[in-house]
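Structure data follow from data_37.cif (mmCIF, C-alpha atoms):
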data_query
#
loop_
_atom_site.label_atom_id
_atom_site.label_comp_id
_atom_site.auth_asym_id
_atom_site.auth_seq_id
_atom_site.Cartn_x
_atom_site.Cartn_y
_atom_site.Cartn_z
CA MET A 1 7.02 77.55 96.45
CA GLU A 2 7.75 73.81 96.34
CA LEU A 3 10.53 72.50 94.12
CA PRO A 4 10.11 69.25 92.16
CA ALA A 5 10.99 66.13 94.20
CA GLN A 6 14.13 64.20 93.33
CA THR A 7 14.73 60.55 94.20
CA PHE A 8 18.09 58.85 94.66
CA GLN A 9 18.60 55.09 94.80
CA VAL A 10 21.30 53.97 97.25
CA THR A 11 22.82 50.48 97.11
CA ARG A 12 25.69 48.83 98.98
CA ALA A 13 27.85 49.30 95.88
CA ASP A 14 27.22 53.06 96.10
CA LEU A 15 28.42 53.07 99.71
CA VAL A 16 31.60 51.16 98.87
CA ARG A 17 32.29 53.57 96.04
CA TYR A 18 31.64 56.60 98.24
CA ALA A 19 33.91 55.17 100.95
CA GLY A 20 36.75 54.93 98.45
CA ALA A 21 36.16 58.37 96.93
CA SER A 22 35.76 60.16 100.27
CA GLY A 23 38.29 58.22 102.35
CA ASP A 24 35.68 57.41 105.02
CA PHE A 25 36.21 53.69 105.63
CA ASN A 26 34.20 53.37 108.86
CA PRO A 27 33.05 49.70 108.75
CA ILE A 28 29.46 50.57 109.81
CA HIS A 29 29.09 51.65 106.15
CA TRP A 30 30.07 48.27 104.68
CA SER A 31 30.03 45.53 107.35
CA ASP A 32 26.76 44.20 108.80
CA ARG A 33 28.79 42.45 111.48
CA VAL A 34 30.27 45.70 112.76
CA ALA A 35 27.08 47.72 112.24
CA THR A 36 24.92 45.33 114.26
CA LYS A 37 27.61 45.03 116.95
CA VAL A 38 27.30 48.78 117.65
CA GLY A 39 23.50 48.55 117.81
CA LEU A 40 22.52 49.55 114.28
CA PRO A 41 19.91 47.53 112.35
CA GLY A 42 22.51 46.94 109.61
CA VAL A 43 24.87 48.79 107.31
CA ILE A 44 23.95 52.49 107.07
CA ALA A 45 24.84 55.13 104.49
CA HIS A 46 27.50 57.70 105.35
CA GLY A 47 25.70 60.83 106.57
CA MET A 48 27.97 62.74 104.22
CA PHE A 49 26.83 60.56 101.30
CA THR A 50 23.20 61.51 102.03
CA MET A 51 24.33 65.14 102.32
CA ALA A 52 26.14 64.83 98.96
CA LEU A 53 23.00 63.46 97.25
CA VAL A 54 20.90 66.26 98.72
CA GLY A 55 23.61 68.66 97.50
CA ARG A 56 23.13 67.23 94.02
CA ALA A 57 19.41 67.98 94.29
CA VAL A 58 20.24 71.53 95.40
CA THR A 59 22.63 72.21 92.49
CA GLU A 60 20.05 70.68 90.15
CA TRP A 61 17.39 73.10 91.41
CA ALA A 62 19.91 75.96 91.22
CA GLY A 63 20.68 75.02 87.63
CA SER A 64 24.40 75.36 88.22
CA PRO A 65 27.06 73.25 90.00
CA ASP A 66 28.79 76.30 91.51
CA ALA A 67 25.76 78.19 92.84
CA VAL A 68 25.69 76.97 96.44
CA VAL A 69 26.66 79.69 98.91
CA GLU A 70 25.78 77.95 102.15
CA TYR A 71 24.62 74.43 102.96
CA GLY A 72 24.00 72.73 106.29
CA VAL A 73 22.18 69.70 107.72
CA ARG A 74 21.60 67.81 110.95
CA PHE A 75 21.74 64.01 110.75
CA THR A 76 18.75 62.69 112.66
CA ARG A 77 18.11 59.14 111.48
CA PRO A 78 20.37 56.57 109.82
CA VAL A 79 19.67 55.48 106.24
CA VAL A 80 19.74 51.68 106.40
CA VAL A 81 20.89 50.11 103.11
CA PRO A 82 19.94 46.44 102.64
CA ASP A 83 22.33 44.07 100.86
CA ASP A 84 20.27 43.57 97.70
CA ASP A 85 20.13 44.98 94.18
CA GLN A 86 17.51 47.65 95.00
CA GLY A 87 19.06 49.05 98.18
CA THR A 88 16.91 51.92 99.39
CA GLU A 89 15.71 55.31 98.20
CA ILE A 90 16.14 58.85 99.47
CA GLU A 91 13.52 61.36 98.40
CA VAL A 92 14.45 65.03 98.47
CA THR A 93 12.04 67.95 98.33
CA ALA A 94 12.45 71.63 99.12
CA ARG A 95 10.54 74.82 99.47
CA VAL A 96 11.76 78.34 98.92
CA ARG A 97 11.88 80.18 102.24
CA GLU A 98 13.15 83.50 100.98
CA VAL A 99 14.47 85.27 97.91
CA THR A 100 16.72 88.15 98.89
CA GLU A 101 17.21 91.38 96.97
CA ASP A 102 20.83 90.54 96.26
CA GLY A 103 19.93 87.39 94.31
CA LEU A 104 20.09 84.70 96.96
CA THR A 105 17.45 82.00 97.38
CA ARG A 106 17.13 80.22 100.71
CA LEU A 107 15.78 76.68 100.61
CA GLU A 108 14.34 74.49 103.35
CA VAL A 109 15.11 70.93 102.30
CA THR A 110 13.42 67.69 103.36
CA ALA A 111 15.08 64.31 102.85
CA THR A 112 13.15 61.13 103.62
CA CYS A 113 13.87 57.39 103.47
CA LEU A 114 10.91 54.97 103.71
CA GLY A 115 8.72 57.93 104.67
CA GLU A 116 10.88 59.01 107.63
CA LYS A 117 12.89 62.21 107.72
CA VAL A 118 16.61 61.50 107.84
CA LEU A 119 17.79 65.12 108.13
CA ALA A 120 16.65 68.12 110.16
CA GLN A 121 17.49 71.79 109.74
CA ALA A 122 18.54 71.06 106.16
CA ARG A 123 19.05 74.44 104.57
CA ALA A 124 20.80 75.70 101.51
CA THR A 125 21.38 79.16 100.11
CA ILE A 126 21.90 79.38 96.37
CA ARG A 127 22.82 82.21 94.04
CA THR A 128 20.06 82.43 91.49
CA ALA A 129 20.93 85.07 88.93
CA ARG A 130 24.34 84.98 87.29
CA MET B 1 32.12 61.21 128.78
CA SER B 2 33.24 64.56 130.05
CA LEU B 3 35.05 66.95 127.74
CA ASP B 4 37.19 69.75 129.12
CA PRO B 5 35.34 73.06 128.45
CA SER B 6 38.62 74.97 128.65
CA PHE B 7 39.25 73.81 125.05
CA VAL B 8 36.59 76.24 123.71
CA GLY B 9 38.30 78.80 121.51
CA ARG B 10 41.44 76.72 120.99
CA THR B 11 42.91 77.02 117.50
CA TYR B 12 45.29 74.41 116.12
CA PRO B 13 48.29 75.00 113.83
CA PRO B 14 47.53 75.05 110.06
CA THR B 15 47.54 71.61 108.42
CA ALA B 16 49.93 70.58 105.64
CA PRO B 17 48.56 71.66 102.22
CA TYR B 18 46.10 69.33 100.47
CA GLN B 19 46.59 69.25 96.71
CA VAL B 20 43.18 69.04 94.97
CA GLY B 21 43.57 66.81 91.93
CA ARG B 22 41.37 66.83 88.84
CA GLU B 23 40.95 63.05 88.97
CA LYS B 24 39.96 63.20 92.67
CA ILE B 25 37.17 65.65 91.86
CA ARG B 26 36.02 63.44 88.98
CA GLU B 27 36.14 60.34 91.20
CA PHE B 28 34.15 62.06 93.97
CA ALA B 29 31.59 63.48 91.53
CA SER B 30 31.14 60.06 89.92
CA ALA B 31 30.72 58.40 93.34
CA ILE B 32 27.78 60.68 94.14
CA GLY B 33 26.36 60.51 90.60
CA ALA B 34 27.06 64.18 89.82
CA THR B 35 27.24 64.28 86.04
CA ASP B 36 27.40 68.02 85.36
CA PRO B 37 30.24 68.58 82.85
CA ALA B 38 31.77 71.26 85.11
CA HIS B 39 32.82 68.46 87.52
CA HIS B 40 34.49 66.43 84.77
CA ASP B 41 35.51 68.58 81.82
CA PRO B 42 38.01 71.43 82.33
CA ALA B 43 36.71 73.21 79.22
CA ALA B 44 33.16 73.22 80.63
CA ALA B 45 34.47 74.56 83.95
CA ARG B 46 36.49 77.29 82.19
CA ALA B 47 33.39 78.32 80.25
CA MET B 48 31.82 79.07 83.66
CA GLY B 49 34.80 81.14 84.71
CA HIS B 50 36.69 78.54 86.76
CA PRO B 51 40.34 77.62 86.19
CA ASP B 52 39.67 73.85 86.24
CA VAL B 53 36.99 71.28 87.15
CA VAL B 54 34.67 72.32 90.00
CA ALA B 55 34.17 70.14 93.07
CA PRO B 56 30.64 69.28 94.29
CA PRO B 57 29.52 71.19 97.41
CA THR B 58 30.40 68.49 99.96
CA PHE B 59 33.84 67.69 98.49
CA PRO B 60 35.67 69.84 101.11
CA VAL B 61 34.77 67.24 103.74
CA ILE B 62 37.55 65.04 102.34
CA VAL B 63 40.00 67.73 103.38
CA THR B 64 38.35 68.79 106.65
CA MET B 65 37.66 65.27 107.90
CA ALA B 66 41.37 64.44 107.61
CA ALA B 67 42.25 67.77 109.23
CA SER B 68 39.84 67.26 112.13
CA SER B 69 41.94 64.33 113.39
CA GLN B 70 44.03 67.10 114.99
CA ILE B 71 41.13 67.66 117.38
CA ILE B 72 39.52 64.24 117.59
CA GLU B 73 42.86 62.55 118.27
CA ASP B 74 44.12 65.25 120.62
CA PRO B 75 44.91 63.16 123.73
CA ALA B 76 44.46 66.22 125.95
CA LEU B 77 40.83 66.63 124.79
CA GLY B 78 40.17 62.89 125.16
CA VAL B 79 37.46 62.12 122.60
CA ASP B 80 36.54 58.41 122.47
CA TYR B 81 36.42 57.89 118.71
CA SER B 82 34.42 54.66 119.01
CA ARG B 83 31.57 56.68 120.59
CA LEU B 84 31.71 59.55 118.13
CA VAL B 85 28.57 60.29 116.08
CA HIS B 86 28.41 62.96 113.37
CA GLY B 87 25.58 65.30 114.37
CA ASP B 88 25.64 68.36 112.10
CA GLN B 89 27.59 69.57 109.10
CA ARG B 90 27.60 72.99 107.48
CA PHE B 91 29.57 74.73 104.73
CA ALA B 92 29.78 78.47 103.93
CA TYR B 93 31.52 78.99 100.61
CA THR B 94 33.55 81.94 99.42
CA ARG B 95 33.96 80.02 96.16
CA PRO B 96 33.80 76.38 95.07
CA VAL B 97 36.90 74.19 95.39
CA VAL B 98 38.56 73.65 91.99
CA ALA B 99 41.27 71.30 90.75
CA GLY B 100 44.70 72.77 91.33
CA ASP B 101 43.80 74.28 94.70
CA GLU B 102 46.30 73.77 97.48
CA LEU B 103 44.21 73.94 100.64
CA VAL B 104 45.25 74.58 104.20
CA CYS B 105 42.90 74.02 107.17
CA VAL B 106 42.86 75.89 110.45
CA ASN B 107 40.78 74.11 113.09
CA THR B 108 39.11 75.89 115.97
CA ILE B 109 37.04 74.37 118.76
CA GLU B 110 33.89 76.50 118.89
CA ASP B 111 31.99 74.66 121.58
CA VAL B 112 32.43 71.84 124.07
CA SER B 113 29.70 70.74 126.42
CA THR B 114 28.38 67.75 128.32
CA ARG B 115 24.65 67.17 128.72
CA GLY B 116 22.74 64.13 129.85
CA GLY B 117 25.92 62.10 129.96
CA HIS B 118 26.78 62.84 126.33
CA GLY B 119 29.60 65.06 125.10
CA PHE B 120 29.07 67.64 122.35
CA LEU B 121 31.88 69.10 120.28
CA THR B 122 31.56 71.80 117.61
CA THR B 123 34.52 72.46 115.35
CA ARG B 124 35.08 75.15 112.75
CA THR B 125 37.59 74.59 109.98
CA ASP B 126 38.66 77.58 107.90
CA VAL B 127 39.84 76.28 104.54
CA SER B 128 42.00 78.65 102.53
CA THR B 129 44.58 78.48 99.76
CA VAL B 130 48.28 78.33 100.64
CA GLY B 131 48.30 81.99 99.54
CA GLY B 132 45.80 82.80 102.31
CA ASP B 133 42.66 83.34 100.22
CA PRO B 134 39.55 81.97 101.96
CA VAL B 135 37.68 79.20 100.12
CA VAL B 136 35.15 77.68 102.51
CA ALA B 137 34.37 77.64 106.23
CA VAL B 138 33.19 74.26 107.51
CA TRP B 139 31.43 73.47 110.80
CA ALA B 140 30.92 70.01 112.22
CA ARG B 141 29.12 69.02 115.40
CA TYR B 142 29.84 65.69 116.99
CA VAL B 143 28.09 63.80 119.75
CA ILE B 144 30.23 61.57 121.94
CA ARG B 145 27.74 59.08 123.34
CA GLY B 146 28.00 58.43 127.06
CA GLU B 147 28.46 54.98 128.61
CA GLU B 148 25.16 53.09 128.82
#

Mind turning this structure into structure tokens?
Amino acid sequence: MELPAQTFQVTRADLVRYAGASGDFNPIHWSDRVATKVGLPGVIAHGMFTMALVGRAVTEWAGSPDAVVEYGVRFTRPVVVPDDDQGTEIEVTARVREVTEDGLTRLEVTATCLGEKVLAQARATIRTAR
Amino acid sequence: MSLDPSFVGRTYPPTAPYQVGREKIREFASAIGATDPAHHDPAAARAMGHPDVVAPPTFPVIVTMAASSQIIEDPALGVDYSRLVHGDQRFAYTRPVVAGDELVCVNTIEDVSTRGGHGFLTTRTDVSTVGGDPVVAVWARYVIRGEE
């Protein structure tokens, strides 16, 4: 079963805000000068910001903010965020891999940016029935 | 980059308690656009059976990232922070983090290896309350890129 796709817009302002809220001030997430110096095409989103947005999609599908039992991802490709008003977009889809007898649903999640997968092995287990 | 494999299995002393504030959860939830009332309104969280506002699933990284400096800045292990790339992240929850929690982290090095000139480091952080009740176990895998 496929779950309805969710799309998240990501701008530079979102990255600055996430840096402040999370305490991750690595300059590759706000300075083009530093990002390009280390070989990136430009400022990239925090992997953990992408993971947080995908987590939002998961809790949305679960229908409850406290239903996530397990959640893991591998960061495979940076999400480049241009310095303009639109930024970029992350699209998140998932399919149900398994529903266990004790009320757990295992999801296989796909997150893409500009048509390219940015995560691998993205999996979440949610508690379905309360 | 060569990491010392004898560090596998090493456990570090518990970190100083991290006090989870209600405003910090609200700030984090707002930063990721999570609008569910349970993240913002204590009454909504209590209606779901929680003592105070509920943190979003990736919130514990605030606590574990700070705690992991014990490992990443351990001079004996010798990680070059400027070459560190976050590879994997995983959380296994006993329960969600809520405002009012006082959290202690115990870091363990689960795996250290070197392949193709790159170093790989897997850490496990057991996050529990000061009273010793488990809250969430957090794994991170880092790649320490080799010299070109």

(request) Identify all chain B residues at most 9 Å from chain A by counting all atoms listed in the file; ligands do not count. Present them as a ChimeraX atom specification. (result) /B:24-25,27-34,36,38-39,48,54-59,61-62,65-66,86-96,139,141

Non-local contacts of Val81 of chain A (9 Å; only C-alpha atoms; under 3 positions in same chain excluded) as a list in words: Val10, Thr11, Arg12, Leu15, His29, Gly42, Val43, Ile44, Ala45, Asp84, Gly87, Thr88 and Glu89 of chain A

Applied to the shown file, which residues does the PyMOL selection byres ((chain A and resi 103-107) around 7) return, written as a short mmCIF file (atom, residue, chain, number, x, y, z; two decimals) with C-alpha atoms, in the frame of the given file?
data_model
loop_
_atom_site.label_atom_id
_atom_site.label_comp_id
_atom_site.auth_asym_id
_atom_site.auth_seq_id
_atom_site.Cartn_x
_atom_site.Cartn_y
_atom_site.Cartn_z
CA ALA A 94 12.45 71.63 99.12
CA ARG A 95 10.54 74.82 99.47
CA VAL A 96 11.76 78.34 98.92
CA ARG A 97 11.88 80.18 102.24
CA GLU A 98 13.15 83.50 100.98
CA VAL A 99 14.47 85.27 97.91
CA THR A 100 16.72 88.15 98.89
CA GLU A 101 17.21 91.38 96.97
CA ASP A 102 20.83 90.54 96.26
CA GLU A 108 14.34 74.49 103.35
CA VAL A 109 15.11 70.93 102.30
CA ARG A 123 19.05 74.44 104.57
CA ALA A 124 20.80 75.70 101.51
CA THR A 125 21.38 79.16 100.11
CA ILE A 126 21.90 79.38 96.37
CA ARG A 127 22.82 82.21 94.04
CA THR A 128 20.06 82.43 91.49
CA ALA A 129 20.93 85.07 88.93
#

- Query: Which neighbours of Val85 of chain B fall inside 9 Å, counting only C-alpha atoms, when residues of the same chain fewer than 3 positions from it are skipped, and could you give them as a ChimeraX atom specification?
  - Reply: /B:81-82,141-145

Option closest in space to Arg10 of chain B, from B:Ala137, B:Asp126, B:Ile109, B:Ala67 [counting all atoms listed in the file]:
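Nearest candidate to Arg10 of chain B out of B:Ala137, B:Asp126, B:Ile109, B:Ala67: B:Ile109.
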
Exercise for the section: May I ask for the distance between atom CA of Val104 of chain B and atom CA of Pro17 of chain B, given in Å to one decimal place? Expected result: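 Distance reported for this atom pair: 4.8 Å.
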
Output, as AutoDock Vina command-line options, the centre and edge lengths in Å (one decimal) of the axis-aligned box that contains all listed atoms of segment 33-50 of chain A with 8 Å of margin on each side.
--center_x 25.1 --center_y 52.6 --center_z 109.6 --size_x 26.4 --size_y 36.3 --size_z 32.5

request  = Go through the shown structure with the PyMOL selection byres ((chain B and resi 116) around 10) and write out the matching residues as a count of residues only.
outcome  = 8

Taken to one decimal, the atom CA of Gly21 of chain B-atom CA of Leu103 of chain B distance is 11.3 Å

From atom CA of Thr64 of chain B to atom CA of Ala140 of chain B the spacing works out at 9.4 Å

Would you mind writing segment 21-32 of chain A with N, CA and C atoms, as an mmCIF file, keeping the file's coordinate frame?
data_model
loop_
_atom_site.group_PDB
_atom_site.id
_atom_site.type_symbol
_atom_site.label_atom_id
_atom_site.label_comp_id
_atom_site.auth_asym_id
_atom_site.auth_seq_id
_atom_site.Cartn_x
_atom_site.Cartn_y
_atom_site.Cartn_z
ATOM 1 N N ALA A 21 35.975 57.009 97.454
ATOM 2 C CA ALA A 21 36.160 58.370 96.930
ATOM 3 C C ALA A 21 36.360 59.392 98.044
ATOM 4 N N SER A 22 35.713 59.157 99.199
ATOM 5 C CA SER A 22 35.760 60.160 100.270
ATOM 6 C C SER A 22 36.852 59.862 101.296
ATOM 7 N N GLY A 23 37.302 58.598 101.343
ATOM 8 C CA GLY A 23 38.290 58.220 102.350
ATOM 9 C C GLY A 23 37.689 57.887 103.698
ATOM 10 N N ASP A 24 36.342 57.770 103.754
ATOM 11 C CA ASP A 24 35.680 57.410 105.020
ATOM 12 C C ASP A 24 35.401 55.915 105.018
ATOM 13 N N PHE A 25 36.293 55.149 105.663
ATOM 14 C CA PHE A 25 36.210 53.690 105.630
ATOM 15 C C PHE A 25 35.623 53.102 106.908
ATOM 16 N N ASN A 26 34.850 53.889 107.654
ATOM 17 C CA ASN A 26 34.200 53.370 108.860
ATOM 18 C C ASN A 26 33.400 52.115 108.490
ATOM 19 N N PRO A 27 33.683 50.971 109.159
ATOM 20 C CA PRO A 27 33.050 49.700 108.750
ATOM 21 C C PRO A 27 31.535 49.651 108.930
ATOM 22 N N ILE A 28 30.932 50.591 109.691
ATOM 23 C CA ILE A 28 29.460 50.570 109.810
ATOM 24 C C ILE A 28 28.811 50.882 108.453
ATOM 25 N N HIS A 29 29.622 51.346 107.478
ATOM 26 C CA HIS A 29 29.090 51.650 106.150
ATOM 27 C C HIS A 29 29.314 50.524 105.145
ATOM 28 N N TRP A 30 29.913 49.402 105.607
ATOM 29 C CA TRP A 30 30.070 48.270 104.680
ATOM 30 C C TRP A 30 29.994 46.904 105.350
ATOM 31 N N SER A 31 30.041 46.840 106.679
ATOM 32 C CA SER A 31 30.030 45.530 107.350
ATOM 33 C C SER A 31 28.811 45.392 108.259
ATOM 34 N N ASP A 32 27.916 44.456 107.933
ATOM 35 C CA ASP A 32 26.760 44.200 108.800
ATOM 36 C C ASP A 32 27.201 43.741 110.178
#
